[in-house]
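Report on the structure given below.
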Amino acid sequence: MITTLPAPTRPTLRRLPWGLGGALVVPYAMLSITNHLGLRTTGFDLGIFEQAVRGYAHLRAPVSELKGPGYVLLGDHFHPILALLAPLYR
């Protein structure tokens, strides 16, 4: 009777992105925390979206004063998820 040996196991290419991502998580987290503690991060985008949700919550047009006085965000593009968040915000 002839028996065959199992093929040697070797890492596949599917593991490469996970390994690379895992290796870069710690340096990126350290850089982000260092920037935040050094007050070098901003909340510009968060502020724009907060103003849009606030506008929807009060049944008004989503206006963002951060982008300019009276800047209506519907001219930029429509975010349906922000309209869905409005009742929760209110």
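In the structure tokens, chains take letters A, B, ... by order of appearance, with residues numbered from 1 within each chain and ligands from 1 in the order shown.
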
Based on the backbone DSSP call, show me all residues of chain A assigned helix (DSSP H, G or I), as a compact mmCIF listing (two decimals) with all heavy atoms, in the first residue's frame.
# COMPACT_ATOMS: atom_id res chain seq x y z
N ARG A 15 -3.08 35.80 3.70
CA ARG A 15 -2.64 36.22 5.03
C ARG A 15 -1.80 37.49 5.00
O ARG A 15 -1.65 38.17 6.00
CB ARG A 15 -1.83 35.11 5.70
CG ARG A 15 -2.65 33.89 6.00
CD ARG A 15 -1.82 32.87 6.70
NE ARG A 15 -2.54 31.61 6.82
CZ ARG A 15 -2.00 30.49 7.20
NH1 ARG A 15 -0.71 30.45 7.50
NH2 ARG A 15 -2.71 29.41 7.28
N LEU A 16 -1.25 37.82 3.85
CA LEU A 16 -0.36 38.99 3.74
C LEU A 16 -1.05 40.30 4.13
O LEU A 16 -0.50 41.06 4.93
CB LEU A 16 0.21 39.08 2.33
CG LEU A 16 1.17 40.23 2.08
CD1 LEU A 16 2.42 40.08 2.94
CD2 LEU A 16 1.54 40.30 0.62
N PRO A 17 -2.26 40.62 3.62
CA PRO A 17 -2.90 41.88 4.02
C PRO A 17 -3.18 41.94 5.52
O PRO A 17 -3.03 42.99 6.14
CB PRO A 17 -4.20 41.91 3.22
CG PRO A 17 -3.99 41.00 2.08
CD PRO A 17 -3.03 39.95 2.56
N TRP A 18 -3.59 40.81 6.11
CA TRP A 18 -3.86 40.80 7.55
C TRP A 18 -2.58 41.03 8.35
O TRP A 18 -2.57 41.75 9.34
CB TRP A 18 -4.52 39.49 7.96
CG TRP A 18 -5.92 39.38 7.47
CD1 TRP A 18 -6.36 38.68 6.39
CD2 TRP A 18 -7.07 40.02 8.04
NE1 TRP A 18 -7.72 38.84 6.25
CE2 TRP A 18 -8.17 39.66 7.24
CE3 TRP A 18 -7.26 40.85 9.12
CZ2 TRP A 18 -9.45 40.10 7.51
CZ3 TRP A 18 -8.55 41.30 9.39
CH2 TRP A 18 -9.62 40.93 8.59
N GLY A 19 -1.51 40.41 7.93
CA GLY A 19 -0.24 40.59 8.63
C GLY A 19 0.28 42.01 8.50
O GLY A 19 0.76 42.61 9.47
N LEU A 20 0.17 42.56 7.30
CA LEU A 20 0.62 43.94 7.07
C LEU A 20 -0.24 44.92 7.87
O LEU A 20 0.28 45.84 8.50
CB LEU A 20 0.56 44.26 5.58
CG LEU A 20 1.13 45.60 5.14
CD1 LEU A 20 2.60 45.69 5.51
CD2 LEU A 20 0.95 45.75 3.65
N GLY A 21 -1.55 44.70 7.85
CA GLY A 21 -2.45 45.57 8.62
C GLY A 21 -2.18 45.48 10.11
O GLY A 21 -2.15 46.48 10.81
N GLY A 22 -1.97 44.26 10.59
CA GLY A 22 -1.68 44.08 12.02
C GLY A 22 -0.37 44.74 12.42
O GLY A 22 -0.24 45.28 13.52
N ALA A 23 0.62 44.71 11.53
CA ALA A 23 1.91 45.32 11.84
C ALA A 23 1.83 46.85 11.84
O ALA A 23 2.59 47.51 12.55
CB ALA A 23 2.95 44.86 10.83
N LEU A 24 0.90 47.42 11.07
CA LEU A 24 0.82 48.88 10.97
C LEU A 24 -0.17 49.51 11.95
O LEU A 24 -0.19 50.73 12.10
CB LEU A 24 0.45 49.28 9.54
CG LEU A 24 1.51 48.98 8.49
CD1 LEU A 24 1.00 49.31 7.10
CD2 LEU A 24 2.79 49.73 8.78
N VAL A 25 -0.97 48.70 12.62
CA VAL A 25 -1.97 49.24 13.55
C VAL A 25 -1.31 49.99 14.70
O VAL A 25 -1.70 51.11 15.04
CB VAL A 25 -2.89 48.11 14.08
CG1 VAL A 25 -3.59 48.51 15.36
CG2 VAL A 25 -3.90 47.74 13.04
N VAL A 26 -0.31 49.41 15.31
CA VAL A 26 0.31 50.03 16.48
C VAL A 26 1.01 51.34 16.13
O VAL A 26 0.78 52.36 16.81
CB VAL A 26 1.26 49.03 17.18
CG1 VAL A 26 2.05 49.70 18.29
CG2 VAL A 26 0.47 47.85 17.72
N PRO A 27 1.86 51.39 15.09
CA PRO A 27 2.48 52.70 14.77
C PRO A 27 1.46 53.78 14.41
O PRO A 27 1.61 54.94 14.81
CB PRO A 27 3.39 52.40 13.58
CG PRO A 27 3.60 50.95 13.58
CD PRO A 27 2.41 50.34 14.24
N TYR A 28 0.40 53.40 13.67
CA TYR A 28 -0.61 54.40 13.30
C TYR A 28 -1.36 54.88 14.53
O TYR A 28 -1.64 56.08 14.66
CB TYR A 28 -1.58 53.81 12.28
CG TYR A 28 -2.59 54.81 11.80
CD1 TYR A 28 -2.23 55.84 10.94
CD2 TYR A 28 -3.90 54.77 12.25
CE1 TYR A 28 -3.15 56.78 10.52
CE2 TYR A 28 -4.83 55.70 11.83
CZ TYR A 28 -4.45 56.69 10.97
OH TYR A 28 -5.36 57.62 10.57
N ALA A 29 -1.69 53.97 15.44
CA ALA A 29 -2.38 54.37 16.67
C ALA A 29 -1.49 55.29 17.51
O ALA A 29 -1.96 56.28 18.05
CB ALA A 29 -2.78 53.14 17.47
N MET A 30 -0.20 54.97 17.59
CA MET A 30 0.71 55.83 18.35
C MET A 30 0.82 57.22 17.73
O MET A 30 0.82 58.23 18.45
CB MET A 30 2.10 55.17 18.44
CG MET A 30 2.12 53.96 19.35
SD MET A 30 3.66 53.03 19.33
CE MET A 30 4.90 54.27 19.48
N LEU A 31 0.88 57.29 16.41
CA LEU A 31 0.95 58.58 15.73
C LEU A 31 -0.34 59.38 15.96
O LEU A 31 -0.29 60.58 16.24
CB LEU A 31 1.17 58.36 14.23
CG LEU A 31 1.17 59.61 13.36
CD1 LEU A 31 2.38 60.48 13.69
CD2 LEU A 31 1.16 59.22 11.90
N SER A 32 -1.48 58.72 15.86
CA SER A 32 -2.76 59.41 16.06
C SER A 32 -2.90 59.94 17.47
O SER A 32 -3.33 61.08 17.69
CB SER A 32 -3.92 58.46 15.75
OG SER A 32 -3.88 58.06 14.42
N ILE A 33 -2.54 59.13 18.45
CA ILE A 33 -2.64 59.56 19.86
C ILE A 33 -1.68 60.71 20.13
O ILE A 33 -2.03 61.67 20.82
CB ILE A 33 -2.41 58.36 20.79
CG1 ILE A 33 -3.58 57.38 20.67
CG2 ILE A 33 -2.22 58.81 22.23
CD1 ILE A 33 -3.35 56.05 21.34
N THR A 34 -0.47 60.61 19.59
CA THR A 34 0.51 61.69 19.79
C THR A 34 0.01 63.00 19.18
O THR A 34 0.12 64.07 19.80
CB THR A 34 1.86 61.30 19.15
OG1 THR A 34 2.31 60.08 19.74
CG2 THR A 34 2.90 62.38 19.37
N ASN A 35 -0.56 62.94 17.98
CA ASN A 35 -1.11 64.15 17.35
C ASN A 35 -2.27 64.71 18.15
O ASN A 35 -2.40 65.93 18.32
CB ASN A 35 -1.57 63.85 15.93
CG ASN A 35 -0.41 63.75 14.96
OD1 ASN A 35 0.68 64.26 15.22
ND2 ASN A 35 -0.64 63.10 13.84
N HIS A 36 -3.12 63.84 18.66
CA HIS A 36 -4.28 64.31 19.42
C HIS A 36 -3.84 64.95 20.74
O HIS A 36 -4.34 66.02 21.11
CB HIS A 36 -5.23 63.15 19.68
CG HIS A 36 -6.50 63.58 20.34
ND1 HIS A 36 -7.44 64.34 19.69
CD2 HIS A 36 -6.98 63.37 21.58
CE1 HIS A 36 -8.46 64.58 20.51
NE2 HIS A 36 -8.20 64.01 21.66
N LEU A 37 -2.91 64.33 21.43
CA LEU A 37 -2.43 64.89 22.70
C LEU A 37 -1.66 66.20 22.48
O LEU A 37 -1.63 67.05 23.36
CB LEU A 37 -1.56 63.88 23.44
CG LEU A 37 -2.31 62.65 23.96
CD1 LEU A 37 -1.33 61.66 24.58
CD2 LEU A 37 -3.38 63.03 24.96
N PHE A 44 -13.01 69.37 12.09
CA PHE A 44 -13.67 70.14 11.03
C PHE A 44 -14.80 69.35 10.39
O PHE A 44 -15.93 69.83 10.30
CB PHE A 44 -12.63 70.57 9.99
CG PHE A 44 -13.15 71.51 8.96
CD1 PHE A 44 -13.46 72.82 9.28
CD2 PHE A 44 -13.35 71.09 7.66
CE1 PHE A 44 -13.93 73.70 8.32
CE2 PHE A 44 -13.83 71.95 6.69
CZ PHE A 44 -14.12 73.26 7.03
N ASP A 45 -14.51 68.12 9.92
CA ASP A 45 -15.55 67.32 9.26
C ASP A 45 -16.67 66.97 10.23
O ASP A 45 -17.84 66.99 9.86
CB ASP A 45 -14.96 66.04 8.68
CG ASP A 45 -14.14 66.30 7.43
OD1 ASP A 45 -14.37 67.34 6.78
OD2 ASP A 45 -13.29 65.47 7.10
N LEU A 46 -16.32 66.63 11.44
CA LEU A 46 -17.33 66.29 12.44
C LEU A 46 -18.25 67.48 12.68
O LEU A 46 -19.47 67.33 12.80
CB LEU A 46 -16.67 65.85 13.74
CG LEU A 46 -17.61 65.43 14.86
CD1 LEU A 46 -18.44 64.23 14.44
CD2 LEU A 46 -16.81 65.11 16.11
N GLY A 47 -17.69 68.67 12.72
CA GLY A 47 -18.50 69.87 12.91
C GLY A 47 -19.45 70.12 11.76
O GLY A 47 -20.61 70.50 11.96
N ILE A 48 -18.99 69.88 10.54
CA ILE A 48 -19.84 70.08 9.36
C ILE A 48 -21.03 69.13 9.42
O ILE A 48 -22.18 69.52 9.21
CB ILE A 48 -19.03 69.87 8.07
CG1 ILE A 48 -18.03 71.01 7.90
CG2 ILE A 48 -19.95 69.77 6.86
CD1 ILE A 48 -17.04 70.79 6.78
N PHE A 49 -20.77 67.86 9.71
CA PHE A 49 -21.85 66.88 9.75
C PHE A 49 -22.79 67.12 10.93
O PHE A 49 -23.99 66.90 10.84
CB PHE A 49 -21.30 65.46 9.77
CG PHE A 49 -20.67 65.07 8.47
CD1 PHE A 49 -19.34 64.69 8.40
CD2 PHE A 49 -21.40 65.09 7.29
CE1 PHE A 49 -18.76 64.33 7.20
CE2 PHE A 49 -20.83 64.74 6.08
CZ PHE A 49 -19.50 64.36 6.04
N GLU A 50 -22.25 67.59 12.05
CA GLU A 50 -23.10 67.90 13.20
C GLU A 50 -24.07 69.03 12.86
O GLU A 50 -25.25 68.98 13.20
CB GLU A 50 -22.24 68.28 14.41
CG GLU A 50 -23.01 68.47 15.69
CD GLU A 50 -23.62 69.85 15.84
OE1 GLU A 50 -23.07 70.82 15.27
OE2 GLU A 50 -24.65 69.96 16.53
N GLN A 51 -23.58 70.04 12.15
CA GLN A 51 -24.45 71.14 11.76
C GLN A 51 -25.51 70.69 10.76
O GLN A 51 -26.64 71.17 10.81
CB GLN A 51 -23.60 72.29 11.18
CG GLN A 51 -22.79 72.99 12.22
CD GLN A 51 -21.92 74.10 11.64
OE1 GLN A 51 -21.67 74.15 10.44
NE2 GLN A 51 -21.45 74.99 12.50
N ALA A 52 -25.16 69.75 9.89
CA ALA A 52 -26.14 69.23 8.93
C ALA A 52 -27.24 68.46 9.66
O ALA A 52 -28.43 68.67 9.39
CB ALA A 52 -25.45 68.33 7.92
N VAL A 53 -26.87 67.60 10.58
CA VAL A 53 -27.86 66.82 11.32
C VAL A 53 -28.73 67.75 12.16
O VAL A 53 -29.94 67.56 12.27
CB VAL A 53 -27.17 65.75 12.20
CG1 VAL A 53 -28.18 65.06 13.10
CG2 VAL A 53 -26.47 64.73 11.33
N ARG A 54 -28.13 68.78 12.75
CA ARG A 54 -28.91 69.74 13.53
C ARG A 54 -29.94 70.44 12.66
O ARG A 54 -31.08 70.65 13.07
CB ARG A 54 -27.98 70.78 14.18
CG ARG A 54 -28.74 71.72 15.09
CD ARG A 54 -27.90 72.80 15.73
NE ARG A 54 -26.49 72.54 15.74
CZ ARG A 54 -25.57 73.48 15.59
NH1 ARG A 54 -25.92 74.73 15.41
NH2 ARG A 54 -24.29 73.18 15.62
N GLY A 55 -29.56 70.81 11.44
CA GLY A 55 -30.51 71.44 10.53
C GLY A 55 -31.67 70.51 10.20
O GLY A 55 -32.83 70.92 10.24
N TYR A 56 -31.37 69.26 9.89
CA TYR A 56 -32.44 68.29 9.63
C TYR A 56 -33.31 68.08 10.86
O TYR A 56 -34.53 67.94 10.74
CB TYR A 56 -31.85 66.94 9.20
CG TYR A 56 -31.33 66.89 7.80
CD1 TYR A 56 -30.04 66.43 7.54
CD2 TYR A 56 -32.10 67.28 6.72
CE1 TYR A 56 -29.54 66.37 6.25
CE2 TYR A 56 -31.61 67.23 5.42
CZ TYR A 56 -30.33 66.76 5.20
OH TYR A 56 -29.85 66.70 3.93
N ALA A 57 -32.72 68.05 12.04
CA ALA A 57 -33.47 67.80 13.27
C ALA A 57 -34.47 68.91 13.55
O ALA A 57 -35.52 68.69 14.13
CB ALA A 57 -32.52 67.64 14.45
N LEU A 73 -25.56 72.56 2.55
CA LEU A 73 -24.83 71.35 2.19
C LEU A 73 -25.50 70.54 1.08
O LEU A 73 -24.87 69.66 0.50
CB LEU A 73 -24.65 70.46 3.43
CG LEU A 73 -23.71 71.04 4.48
CD1 LEU A 73 -23.73 70.18 5.73
CD2 LEU A 73 -22.30 71.14 3.93
N LEU A 74 -26.76 70.81 0.78
CA LEU A 74 -27.41 70.09 -0.31
C LEU A 74 -26.78 70.42 -1.65
O LEU A 74 -26.87 69.65 -2.59
CB LEU A 74 -28.91 70.39 -0.33
CG LEU A 74 -29.70 69.83 0.85
CD1 LEU A 74 -31.14 70.31 0.78
CD2 LEU A 74 -29.64 68.33 0.89
N GLY A 75 -26.11 71.56 -1.74
CA GLY A 75 -25.39 71.90 -2.96
C GLY A 75 -24.12 71.09 -3.11
O GLY A 75 -23.60 70.93 -4.21
N PRO A 80 -28.21 60.76 2.91
CA PRO A 80 -29.45 60.24 3.49
C PRO A 80 -29.29 59.77 4.93
O PRO A 80 -30.21 59.89 5.73
CB PRO A 80 -29.85 59.09 2.58
CG PRO A 80 -28.92 59.09 1.43
CD PRO A 80 -27.82 60.03 1.71
N ILE A 81 -28.13 59.26 5.29
CA ILE A 81 -27.94 58.77 6.65
C ILE A 81 -28.03 59.91 7.66
O ILE A 81 -28.49 59.72 8.78
CB ILE A 81 -26.60 57.99 6.78
CG1 ILE A 81 -26.50 57.27 8.12
CG2 ILE A 81 -25.42 58.93 6.61
CD1 ILE A 81 -27.42 56.11 8.24
N LEU A 82 -27.62 61.11 7.26
CA LEU A 82 -27.72 62.26 8.17
C LEU A 82 -29.17 62.60 8.43
O LEU A 82 -29.54 62.97 9.56
CB LEU A 82 -26.98 63.46 7.60
CG LEU A 82 -25.47 63.31 7.41
CD1 LEU A 82 -24.87 64.59 6.87
CD2 LEU A 82 -24.80 62.88 8.69
N ALA A 83 -30.01 62.49 7.43
CA ALA A 83 -31.45 62.74 7.62
C ALA A 83 -32.05 61.68 8.55
O ALA A 83 -32.95 61.99 9.34
CB ALA A 83 -32.16 62.77 6.28
N LEU A 84 -31.55 60.45 8.46
CA LEU A 84 -32.06 59.39 9.34
C LEU A 84 -31.60 59.57 10.79
O LEU A 84 -32.27 59.11 11.71
CB LEU A 84 -31.62 58.02 8.82
CG LEU A 84 -32.23 57.59 7.48
CD1 LEU A 84 -31.61 56.28 7.03
CD2 LEU A 84 -33.73 57.47 7.61
N LEU A 85 -30.48 60.23 10.98
CA LEU A 85 -29.97 60.48 12.33
C LEU A 85 -30.67 61.64 13.03
O LEU A 85 -30.59 61.76 14.25
CB LEU A 85 -28.47 60.76 12.30
CG LEU A 85 -27.56 59.59 11.97
CD1 LEU A 85 -26.13 60.07 11.83
CD2 LEU A 85 -27.65 58.52 13.04
N ALA A 86 -31.35 62.47 12.27
CA ALA A 86 -31.96 63.68 12.81
C ALA A 86 -32.94 63.41 13.96
O ALA A 86 -32.88 64.11 14.97
CB ALA A 86 -32.63 64.47 11.71
N PRO A 87 -33.85 62.42 13.86
CA PRO A 87 -34.75 62.19 15.00
C PRO A 87 -34.00 61.79 16.28
O PRO A 87 -34.40 62.17 17.39
CB PRO A 87 -35.66 61.06 14.54
CG PRO A 87 -35.60 61.09 13.06
CD PRO A 87 -34.23 61.60 12.72
N LEU A 88 -32.90 61.06 16.13
CA LEU A 88 -32.10 60.69 17.30
C LEU A 88 -31.40 61.90 17.90
O LEU A 88 -31.21 61.99 19.11
CB LEU A 88 -31.08 59.62 16.93
CG LEU A 88 -31.66 58.31 16.41
CD1 LEU A 88 -30.52 57.41 15.92
CD2 LEU A 88 -32.47 57.61 17.47
N TYR A 89 -31.00 62.81 17.05
CA TYR A 89 -30.31 64.02 17.50
C TYR A 89 -31.24 64.93 18.28
O TYR A 89 -30.86 65.52 19.27
CB TYR A 89 -29.73 64.75 16.28
CG TYR A 89 -28.88 65.96 16.63
CD1 TYR A 89 -27.54 65.82 16.88
CD2 TYR A 89 -29.45 67.22 16.72
CE1 TYR A 89 -26.75 66.91 17.18
CE2 TYR A 89 -28.67 68.32 17.03
CZ TYR A 89 -27.32 68.17 17.25
OH TYR A 89 -26.56 69.24 17.57

Q.
Among chain A, which residues does DSSP mark as strand (DSSP E or B) when it is run on the backbone? Keep the chain and numbering as in the structure and answer as a PyMOL selection string.
A. chain A and resi 63-64+71-72

Q. Atom CA of A:Thr41 and atom CA of A:His77, how far apart in Å?
A. 25.1 Å

Q: Just give me the gap between atom CA of A:Gly43 and atom CA of A:His79 in Å, one decimal is fine.
A: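 So the answer is 18.6 Å.
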
Q: Show which residues sit within 12 Å of A:Asp76, as a list in words. Count only C-alpha atoms, and ignore same-chain residues fewer than 4 positions away.
A: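 Within the cut-off, the hits are Ile48, Ala52, Pro62, Val63, Ser64, Lys67, Tyr71 and Val72 of chain A.
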